[in-house]
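Enquirer: See work05.cif below, with mmCIF, C-alpha atoms; chains and numbers go by the auth columns.
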data_model
#
loop_
_atom_site.group_PDB
_atom_site.id
_atom_site.type_symbol
_atom_site.label_atom_id
_atom_site.label_comp_id
_atom_site.label_asym_id
_atom_site.label_seq_id
_atom_site.Cartn_x
_atom_site.Cartn_y
_atom_site.Cartn_z
_atom_site.B_iso_or_equiv
_atom_site.auth_seq_id
_atom_site.auth_asym_id
ATOM 1 C CA GLU A 1 -37.790 42.047 -27.646 0.00 1 A
ATOM 2 C CA GLU A 2 -39.311 38.740 -26.639 0.00 2 A
ATOM 3 C CA ASP A 3 -37.562 36.344 -24.294 0.00 3 A
ATOM 4 C CA LEU A 4 -35.677 33.444 -25.881 0.00 4 A
ATOM 5 C CA PHE A 5 -34.593 30.047 -24.623 0.00 5 A
ATOM 6 C CA GLY A 6 -32.290 27.567 -26.329 0.00 6 A
ATOM 7 C CA TYR A 7 -30.318 24.435 -25.550 0.00 7 A
ATOM 8 C CA VAL A 8 -27.861 22.009 -27.100 0.00 8 A
ATOM 9 C CA ALA A 9 -27.284 18.436 -25.921 0.00 9 A
ATOM 10 C CA SER A 10 -25.141 15.675 -27.389 0.00 10 A
ATOM 11 C CA LEU A 11 -23.730 12.278 -26.474 0.00 11 A
ATOM 12 C CA SER A 12 -20.783 10.611 -28.189 0.00 12 A
ATOM 13 C CA TYR A 13 -19.070 7.212 -28.055 0.00 13 A
ATOM 14 C CA ARG A 14 -16.059 5.814 -29.866 0.00 14 A
ATOM 15 C CA SER A 15 -13.868 2.736 -29.535 0.00 15 A
ATOM 16 C CA GLY A 16 -10.822 1.588 -31.420 0.00 16 A
ATOM 17 C CA TYR A 17 -8.005 -0.930 -31.678 0.00 17 A
ATOM 18 C CA GLN A 18 -4.467 -0.394 -32.937 0.00 18 A
ATOM 19 C CA ARG A 19 -1.407 -2.622 -33.255 0.00 19 A
ATOM 20 C CA THR A 20 2.042 -1.074 -33.672 0.00 20 A
ATOM 21 C CA GLU A 21 5.144 -3.041 -34.655 0.00 21 A
ATOM 22 C CA ASN A 22 8.509 -1.876 -33.324 0.00 22 A
ATOM 23 C CA ARG A 23 12.051 -2.813 -34.285 0.00 23 A
ATOM 24 C CA LEU A 24 15.393 -1.798 -32.807 0.00 24 A
ATOM 25 C CA ASP A 25 18.630 -2.676 -34.637 0.00 25 A
ATOM 26 C CA TYR A 26 22.021 -1.096 -33.933 0.00 26 A
ATOM 27 C CA GLU A 27 25.582 -1.707 -32.721 0.00 27 A
ATOM 28 C CA THR A 28 27.037 -0.538 -29.433 0.00 28 A
ATOM 29 C CA THR A 29 30.296 1.454 -29.291 0.00 29 A
ATOM 30 C CA GLY A 30 32.037 -1.858 -28.613 0.00 30 A
ATOM 31 C CA GLY A 31 30.645 -3.368 -31.818 0.00 31 A
ATOM 32 C CA VAL A 32 28.083 -5.597 -30.116 0.00 32 A
ATOM 33 C CA PRO A 33 24.966 -5.994 -32.316 0.00 33 A
ATOM 34 C CA VAL A 34 21.665 -5.282 -30.596 0.00 34 A
ATOM 35 C CA PHE A 35 18.346 -6.091 -32.187 0.00 35 A
ATOM 36 C CA GLN A 36 14.884 -6.269 -30.677 0.00 36 A
ATOM 37 C CA ASP A 37 11.417 -6.343 -32.171 0.00 37 A
ATOM 38 C CA GLY A 38 7.911 -6.553 -30.783 0.00 38 A
ATOM 39 C CA THR A 39 4.353 -5.290 -30.839 0.00 39 A
ATOM 40 C CA ARG A 40 2.169 -2.868 -28.934 0.00 40 A
ATOM 41 C CA ASP A 41 -1.579 -3.575 -28.843 0.00 41 A
ATOM 42 C CA GLN A 42 -3.920 -0.809 -27.721 0.00 42 A
ATOM 43 C CA PHE A 43 -7.687 -0.856 -27.237 0.00 43 A
ATOM 44 C CA SER A 44 -9.340 2.469 -26.408 0.00 44 A
ATOM 45 C CA VAL A 45 -12.813 3.724 -25.489 0.00 45 A
ATOM 46 C CA LEU A 46 -14.044 7.337 -25.411 0.00 46 A
ATOM 47 C CA TRP A 47 -17.445 8.703 -24.464 0.00 47 A
ATOM 48 C CA GLY A 48 -18.585 12.246 -23.760 0.00 48 A
ATOM 49 C CA ALA A 49 -21.576 14.481 -23.207 0.00 49 A
ATOM 50 C CA ILE A 50 -22.368 18.180 -23.741 0.00 50 A
ATOM 51 C CA VAL A 51 -25.314 20.139 -22.348 0.00 51 A
ATOM 52 C CA ASP A 52 -25.631 23.908 -22.972 0.00 52 A
ATOM 53 C CA VAL A 53 -28.578 26.094 -21.961 0.00 53 A
ATOM 54 C CA ASN A 54 -29.036 29.749 -22.977 0.00 54 A
ATOM 55 C CA PHE A 55 -31.517 32.450 -21.946 0.00 55 A
ATOM 56 C CA ARG A 56 -32.123 35.913 -23.385 0.00 56 A
ATOM 57 C CA ILE A 57 -34.435 38.269 -21.506 0.00 57 A
ATOM 58 C CA SER A 58 -35.878 41.372 -23.197 0.00 58 A
ATOM 59 C CA GLY A 59 -32.770 41.717 -25.354 0.00 59 A
ATOM 60 C CA LEU A 60 -30.851 43.230 -22.421 0.00 60 A
ATOM 61 C CA HIS A 61 -29.815 40.175 -20.452 0.00 61 A
ATOM 62 C CA LYS A 62 -28.188 36.930 -21.542 0.00 62 A
ATOM 63 C CA ILE A 63 -27.404 33.975 -19.323 0.00 63 A
ATOM 64 C CA SER A 64 -25.567 30.848 -20.447 0.00 64 A
ATOM 65 C CA VAL A 65 -24.916 27.522 -18.688 0.00 65 A
ATOM 66 C CA GLN A 66 -22.386 25.177 -20.300 0.00 66 A
ATOM 67 C CA ASN A 67 -21.393 21.653 -19.264 0.00 67 A
ATOM 68 C CA SER A 68 -19.116 19.103 -20.886 0.00 68 A
ATOM 69 C CA PHE A 69 -17.741 15.763 -19.711 0.00 69 A
ATOM 70 C CA ASN A 70 -15.600 13.074 -21.316 0.00 70 A
ATOM 71 C CA GLN A 71 -14.141 9.783 -20.152 0.00 71 A
ATOM 72 C CA THR A 72 -11.412 7.749 -21.839 0.00 72 A
ATOM 73 C CA GLY A 73 -9.855 4.374 -21.153 0.00 73 A
ATOM 74 C CA GLU A 74 -6.890 2.624 -22.790 0.00 74 A
ATOM 75 C CA ASP A 75 -5.785 -0.974 -22.363 0.00 75 A
ATOM 76 C CA LYS A 76 -2.218 -1.481 -23.621 0.00 76 A
ATOM 77 C CA VAL A 77 0.043 -4.519 -23.896 0.00 77 A
ATOM 78 C CA SER A 78 3.626 -4.257 -25.162 0.00 78 A
ATOM 79 C CA ARG A 79 5.888 -7.234 -25.947 0.00 79 A
ATOM 80 C CA LEU A 80 9.532 -7.028 -26.984 0.00 80 A
ATOM 81 C CA LYS A 81 12.095 -9.748 -27.704 0.00 81 A
ATOM 82 C CA GLY A 82 15.632 -9.860 -29.022 0.00 82 A
ATOM 83 C CA ILE A 83 19.278 -9.619 -27.995 0.00 83 A
ATOM 84 C CA ASP A 84 20.423 -6.892 -25.602 0.00 84 A
ATOM 85 C CA GLU A 85 23.818 -5.164 -25.264 0.00 85 A
ATOM 86 C CA ASN A 86 24.997 -7.918 -22.866 0.00 86 A
ATOM 87 C CA GLU A 87 24.321 -10.567 -25.529 0.00 87 A
ATOM 88 C CA GLN A 88 21.421 -11.921 -23.533 0.00 88 A
ATOM 89 C CA ASP A 89 18.205 -13.291 -24.985 0.00 89 A
ATOM 90 C CA LEU A 90 15.703 -10.658 -23.806 0.00 90 A
ATOM 91 C CA ARG A 91 11.927 -10.736 -23.293 0.00 91 A
ATOM 92 C CA THR A 92 10.035 -7.678 -22.028 0.00 92 A
ATOM 93 C CA GLU A 93 6.303 -7.383 -21.360 0.00 93 A
ATOM 94 C CA VAL A 94 4.423 -4.286 -20.164 0.00 94 A
ATOM 95 C CA THR A 95 0.705 -4.242 -19.379 0.00 95 A
ATOM 96 C CA GLU A 96 -1.095 -1.041 -18.421 0.00 96 A
ATOM 97 C CA TRP A 97 -4.548 0.470 -18.099 0.00 97 A
ATOM 98 C CA ASP A 98 -5.000 4.258 -18.287 0.00 98 A
ATOM 99 C CA GLN A 99 -8.224 6.121 -17.638 0.00 99 A
ATOM 100 C CA ARG A 100 -8.874 9.862 -17.769 0.00 100 A
ATOM 101 C CA SER A 101 -11.895 12.060 -17.226 0.00 101 A
ATOM 102 C CA MET A 102 -12.582 15.784 -17.537 0.00 102 A
ATOM 103 C CA TYR A 103 -15.527 17.927 -16.557 0.00 103 A
ATOM 104 C CA VAL A 104 -15.919 21.627 -17.391 0.00 104 A
ATOM 105 C CA GLY A 105 -18.850 23.714 -16.167 0.00 105 A
ATOM 106 C CA LYS A 106 -19.372 27.404 -16.836 0.00 106 A
ATOM 107 C CA VAL A 107 -22.068 29.954 -16.027 0.00 107 A
ATOM 108 C CA SER A 108 -21.885 33.378 -17.680 0.00 108 A
ATOM 109 C CA GLY A 109 -24.011 36.442 -18.141 0.00 109 A
ATOM 110 C CA ALA A 110 -24.105 39.655 -20.190 0.00 110 A
ATOM 111 C CA HIS A 111 -26.286 42.565 -19.090 0.00 111 A
ATOM 112 C CA THR A 112 -26.962 46.020 -20.490 0.00 112 A
ATOM 113 C CA LEU A 113 -28.303 48.616 -18.037 0.00 113 A
ATOM 114 C CA PRO A 114 -29.905 51.557 -19.907 0.00 114 A
ATOM 115 C CA ASP A 115 -30.760 53.278 -16.618 0.00 115 A
ATOM 116 C CA VAL A 116 -27.066 53.357 -15.653 0.00 116 A
ATOM 117 C CA ALA A 117 -25.754 55.278 -18.666 0.00 117 A
ATOM 118 C CA GLY A 118 -25.832 52.118 -20.797 0.00 118 A
ATOM 119 C CA LEU A 119 -23.383 50.274 -18.531 0.00 119 A
ATOM 120 C CA ALA A 120 -22.538 46.779 -19.811 0.00 120 A
ATOM 121 C CA VAL A 121 -21.777 44.083 -17.250 0.00 121 A
ATOM 122 C CA ASN A 122 -20.253 40.736 -18.169 0.00 122 A
ATOM 123 C CA TRP A 123 -19.441 37.989 -15.697 0.00 123 A
ATOM 124 C CA HIS A 124 -18.525 34.328 -15.673 0.00 124 A
ATOM 125 C CA ALA A 125 -17.869 31.576 -13.139 0.00 125 A
ATOM 126 C CA SER A 126 -16.342 28.228 -14.067 0.00 126 A
ATOM 127 C CA TYR A 127 -15.230 24.976 -12.509 0.00 127 A
ATOM 128 C CA SER A 128 -13.189 22.217 -14.123 0.00 128 A
ATOM 129 C CA GLU A 129 -11.907 18.901 -12.846 0.00 129 A
ATOM 130 C CA SER A 130 -9.468 16.522 -14.482 0.00 130 A
ATOM 131 C CA LYS A 131 -8.608 13.046 -13.238 0.00 131 A
ATOM 132 C CA ALA A 132 -6.113 10.482 -14.472 0.00 132 A
ATOM 133 C CA LYS A 133 -5.514 6.989 -13.113 0.00 133 A
ATOM 134 C CA GLU A 134 -3.064 4.252 -13.954 0.00 134 A
ATOM 135 C CA PRO A 135 -4.271 1.596 -11.511 0.00 135 A
ATOM 136 C CA ASP A 136 -1.802 -1.200 -12.191 0.00 136 A
ATOM 137 C CA ARG A 137 1.159 -0.910 -14.554 0.00 137 A
ATOM 138 C CA ARG A 138 3.267 -4.074 -14.724 0.00 138 A
ATOM 139 C CA THR A 139 6.707 -4.494 -16.266 0.00 139 A
ATOM 140 C CA SER A 140 8.373 -7.901 -16.513 0.00 140 A
ATOM 141 C CA VAL A 141 11.818 -8.529 -18.008 0.00 141 A
ATOM 142 C CA TYR A 142 13.211 -12.008 -18.717 0.00 142 A
ATOM 143 C CA THR A 143 16.760 -12.794 -19.833 0.00 143 A
ATOM 144 C CA ARG A 144 18.656 -15.936 -20.835 0.00 144 A
ATOM 145 C CA ASN A 145 22.168 -16.702 -22.046 0.00 145 A
ATOM 146 C CA ILE A 146 21.973 -17.134 -25.815 0.00 146 A
ATOM 147 C CA PHE A 147 24.570 -19.924 -25.742 0.00 147 A
ATOM 148 C CA TYR A 148 22.312 -22.274 -23.770 0.00 148 A
ATOM 149 C CA SER A 149 19.817 -24.585 -25.411 0.00 149 A
ATOM 150 C CA ASP A 150 16.090 -23.845 -25.432 0.00 150 A
ATOM 151 C CA PRO A 151 15.247 -25.836 -22.261 0.00 151 A
ATOM 152 C CA TYR A 152 17.430 -23.474 -20.220 0.00 152 A
ATOM 153 C CA PRO A 153 15.017 -21.270 -18.227 0.00 153 A
ATOM 154 C CA PHE A 154 14.707 -17.513 -18.450 0.00 154 A
ATOM 155 C CA SER A 155 15.641 -15.460 -15.391 0.00 155 A
ATOM 156 C CA THR A 156 13.181 -12.867 -14.131 0.00 156 A
ATOM 157 C CA SER A 157 14.759 -9.465 -13.617 0.00 157 A
ATOM 158 C CA THR A 158 13.096 -7.367 -10.866 0.00 158 A
ATOM 159 C CA PRO A 159 9.392 -7.214 -11.843 0.00 159 A
ATOM 160 C CA GLN A 160 7.944 -3.723 -11.427 0.00 160 A
ATOM 161 C CA ARG A 161 4.397 -2.563 -10.587 0.00 161 A
ATOM 162 C CA SER A 162 3.037 0.939 -10.075 0.00 162 A
ATOM 163 C CA TRP A 163 -0.224 2.699 -9.219 0.00 163 A
ATOM 164 C CA SER A 164 -0.671 6.419 -9.886 0.00 164 A
ATOM 165 C CA THR A 165 -3.436 9.041 -9.716 0.00 165 A
ATOM 166 C CA LEU A 166 -3.660 12.693 -10.748 0.00 166 A
ATOM 167 C CA ASP A 167 -6.487 14.970 -9.593 0.00 167 A
ATOM 168 C CA GLU A 168 -6.696 18.620 -10.642 0.00 168 A
ATOM 169 C CA GLN A 169 -9.413 21.231 -9.982 0.00 169 A
ATOM 170 C CA THR A 170 -9.635 24.791 -11.291 0.00 170 A
ATOM 171 C CA LYS A 171 -12.075 27.471 -10.165 0.00 171 A
ATOM 172 C CA SER A 172 -12.386 30.937 -11.687 0.00 172 A
ATOM 173 C CA PHE A 173 -14.586 34.012 -11.596 0.00 173 A
ATOM 174 C CA GLY A 174 -14.471 37.148 -13.715 0.00 174 A
ATOM 175 C CA LEU A 175 -16.374 40.410 -13.711 0.00 175 A
ATOM 176 C CA ASP A 176 -16.058 43.107 -16.392 0.00 176 A
ATOM 177 C CA PHE A 177 -17.677 46.514 -16.888 0.00 177 A
ATOM 178 C CA ALA A 178 -17.872 48.727 -19.973 0.00 178 A
ATOM 179 C CA LEU A 179 -19.220 52.284 -19.630 0.00 179 A
ATOM 180 C CA PRO A 180 -19.851 54.379 -22.786 0.00 180 A
ATOM 181 C CA LEU A 181 -18.163 57.787 -22.665 0.00 181 A
ATOM 182 C CA PHE A 182 -18.934 59.884 -25.735 0.00 182 A
ATOM 183 C CA ASP A 183 -17.235 58.057 -28.631 0.00 183 A
ATOM 184 C CA ALA A 184 -15.216 55.759 -26.364 0.00 184 A
ATOM 185 C CA LYS A 185 -15.720 53.193 -23.624 0.00 185 A
ATOM 186 C CA LEU A 186 -14.238 52.934 -20.152 0.00 186 A
ATOM 187 C CA LYS A 187 -13.504 49.310 -19.339 0.00 187 A
ATOM 188 C CA PHE A 188 -12.445 47.744 -16.057 0.00 188 A
ATOM 189 C CA GLY A 189 -12.845 44.422 -14.300 0.00 189 A
ATOM 190 C CA SER A 190 -11.311 41.662 -12.227 0.00 190 A
ATOM 191 C CA LEU A 191 -10.414 37.972 -12.519 0.00 191 A
ATOM 192 C CA TYR A 192 -9.888 35.309 -9.860 0.00 192 A
ATOM 193 C CA GLU A 193 -8.539 31.808 -10.447 0.00 193 A
ATOM 194 C CA LYS A 194 -7.533 29.002 -8.092 0.00 194 A
ATOM 195 C CA LYS A 195 -5.971 25.697 -9.113 0.00 195 A
ATOM 196 C CA ASN A 196 -5.243 22.584 -7.031 0.00 196 A
ATOM 197 C CA ARG A 197 -3.263 19.572 -8.199 0.00 197 A
ATOM 198 C CA ASP A 198 -2.669 16.309 -6.354 0.00 198 A
ATOM 199 C CA TYR A 199 -0.416 13.584 -7.755 0.00 199 A
ATOM 200 C CA LYS A 200 0.241 10.256 -6.048 0.00 200 A
ATOM 201 C CA ILE A 201 2.251 7.234 -7.118 0.00 201 A
ATOM 202 C CA GLN A 202 3.137 3.907 -5.533 0.00 202 A
ATOM 203 C CA PHE A 203 6.018 2.041 -7.129 0.00 203 A
ATOM 204 C CA TYR A 204 7.189 -1.446 -6.219 0.00 204 A
ATOM 205 C CA VAL A 205 10.150 -3.491 -7.402 0.00 205 A
ATOM 206 C CA THR A 206 10.228 -7.186 -6.499 0.00 206 A
ATOM 207 C CA GLU A 207 13.618 -8.606 -5.670 0.00 207 A
ATOM 208 C CA LEU A 208 13.654 -12.390 -6.168 0.00 208 A
ATOM 209 C CA GLU A 209 16.232 -14.751 -4.704 0.00 209 A
ATOM 210 C CA ASN A 210 17.485 -17.126 -7.396 0.00 210 A
ATOM 211 C CA PRO A 211 14.682 -16.072 -9.762 0.00 211 A
ATOM 212 C CA SER A 212 13.654 -18.507 -12.466 0.00 212 A
ATOM 213 C CA ASN A 213 10.648 -19.265 -14.603 0.00 213 A
ATOM 214 C CA ASN A 214 10.213 -22.867 -15.616 0.00 214 A
#
Will you turn the file into structure tokens for me?

Expert:
Amino acid sequence: EEDLFGYVASLSYRSGYQRTENRLDYETTGGVPVFQDGTRDQFSVLWGAIVDVNFRISGLHKISVQNSFNQTGEDKVSRLKGIDENEQDLRTEVTEWDQRSMYVGKVSGAHTLPDVAGLAVNWHASYSESKAKEPDRRTSVYTRNIFYSDPYPFSTSTPQRSWSTLDEQTKSFGLDFALPLFDAKLKFGSLYEKKNRDYKIQFYVTELENPSNN
């Protein structure tokens, strides 16, 4: 048979926006009414790429190279207001940016050896890497006594900020043999896989003395 060569390549991009409305309305065990409502706005972007290359040599050997990569990012803002279980006028705001990426690469081959009793050899080697980052997540909570007039300032309750990263790599290799024996096949092989994961987070809480926001 003649030698063959083929490939596939693609590039994709997508973006979107979504607003979600939330409402919380219930009574505590002590009969105190709690109600809060707010919105969550989310803008997201996704792009990716795929490149695959395949070879076939004389109908006895096949080699394939596969690559894929994608990257996502999400910008989110959440706002909540209402009355909490302590009968305080409550305002909560959370801003966050998340980004993730993933790469997967694989090389594989399938070989038939007529000179070795028709032995079939299949192998593959792959590498994947996944990363996630949340570079600056901010949470701010403001409260105020509901019995005071509007000019009374809100109090800031321990603002929070965090930075986190996740990095994971996986490597694998497999080798399989299939030897025809009369009307059956003898199969044997091996598989190796190694995975590393590293997660880091920095979390800060700001304690303010006589906090106020005028």

Enquirer: Measuring between only C-alpha atoms, which one of A:Gly109, A:Tyr204, A:Lys187, A:Val121 shows the shortest distance to Thr139 (chain A)?

Expert: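 Result for the nearest residue to Thr139 (chain A): A:Tyr204.
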
Enquirer: Pick out the closest residue to Lys200 (chain A) from this set: A:Asp183, A:Asp167, A:Asp52, A:Asp176. Count all atoms listed in the file.

Expert: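 Answer, going by the shortest atom-to-atom distance: A:Asp167.
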
Enquirer: Which residues come within 12 Å of Asp84 (chain A), counting all atoms listed in the file, excluding same-chain residues fewer than 6 positions away, as number ranges by chain?

Expert: A: 24-28, 32-37, 90-92, 141-146

Enquirer: Provide the CA of Ile201 (chain A) to CA of Ala132 (chain A) distance in Å, to one decimal place.

Expert: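 So the answer is 11.6 Å.
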
Enquirer: Given the file shown, determine the residues that the PyMOL selection byres ((chain A and resi 172) around 12) selects; report them as a list in words.

Expert: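 For this structure, the PyMOL selection byres ((chain A and resi 172) around 12) captures Val104, Gly105, Lys106, Val107, Ser108, Trp123, His124, Ala125, Ser126, Tyr127, Ser128, Gln169, Thr170, Lys171, Phe173, Gly174, Leu175, Ser190, Leu191, Tyr192, Glu193, Lys194, Lys195 and Asn196 of chain A.
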
Enquirer: Extending 5 Å beyond the listed atoms of region 74-91 of chain A on each side, what axis-aligned box results? I want centre and edge lengths in Å to one decimal, as lines of an AutoDock Vina configuration file.

Expert:
center_x = 9.1
center_y = -5.3
center_z = -25.7
size_x = 41.9
size_y = 25.9
size_z = 16.7

Enquirer: To one decimal place, how far is CA of Glu168 (chain A) from CA of Trp97 (chain A) in Å?

Expert: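 Interatomic distance, CA of Glu168 (chain A) to CA of Trp97 (chain A): 19.7 Å.
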
Enquirer: Hey, what comes out of the PyMOL selection byres ((chain A and resi 60) around 9) on this file? Could you write it as an MDAnalysis selection string?

Expert: chainID A and resid 1 56:59 61:62 110:114

Enquirer: So which one's closest to Arg161 (chain A), A:Tyr103, A:Phe203, A:Phe182, A:Phe43? Using only C-alpha atoms, please.

Expert: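 With only C-alpha atoms as the atom set, the closest residue is A:Phe203.
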
Enquirer: Restricting the calculation to only C-alpha atoms, which member of A:Leu181, A:Gly38, A:Asp3, A:Gln66 is positioned closest to Leu119 (chain A)?

Expert: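 Of the candidates, the smallest distance to Leu119 (chain A) is held by A:Leu181.
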
Enquirer: Applied to the shown file, which residues does the PyMOL selection byres ((chain A and resi 77) around 9) return, written as an MDAnalysis selection string?

Expert: chainID A and resid 39:42 75:76 78:79 93:97
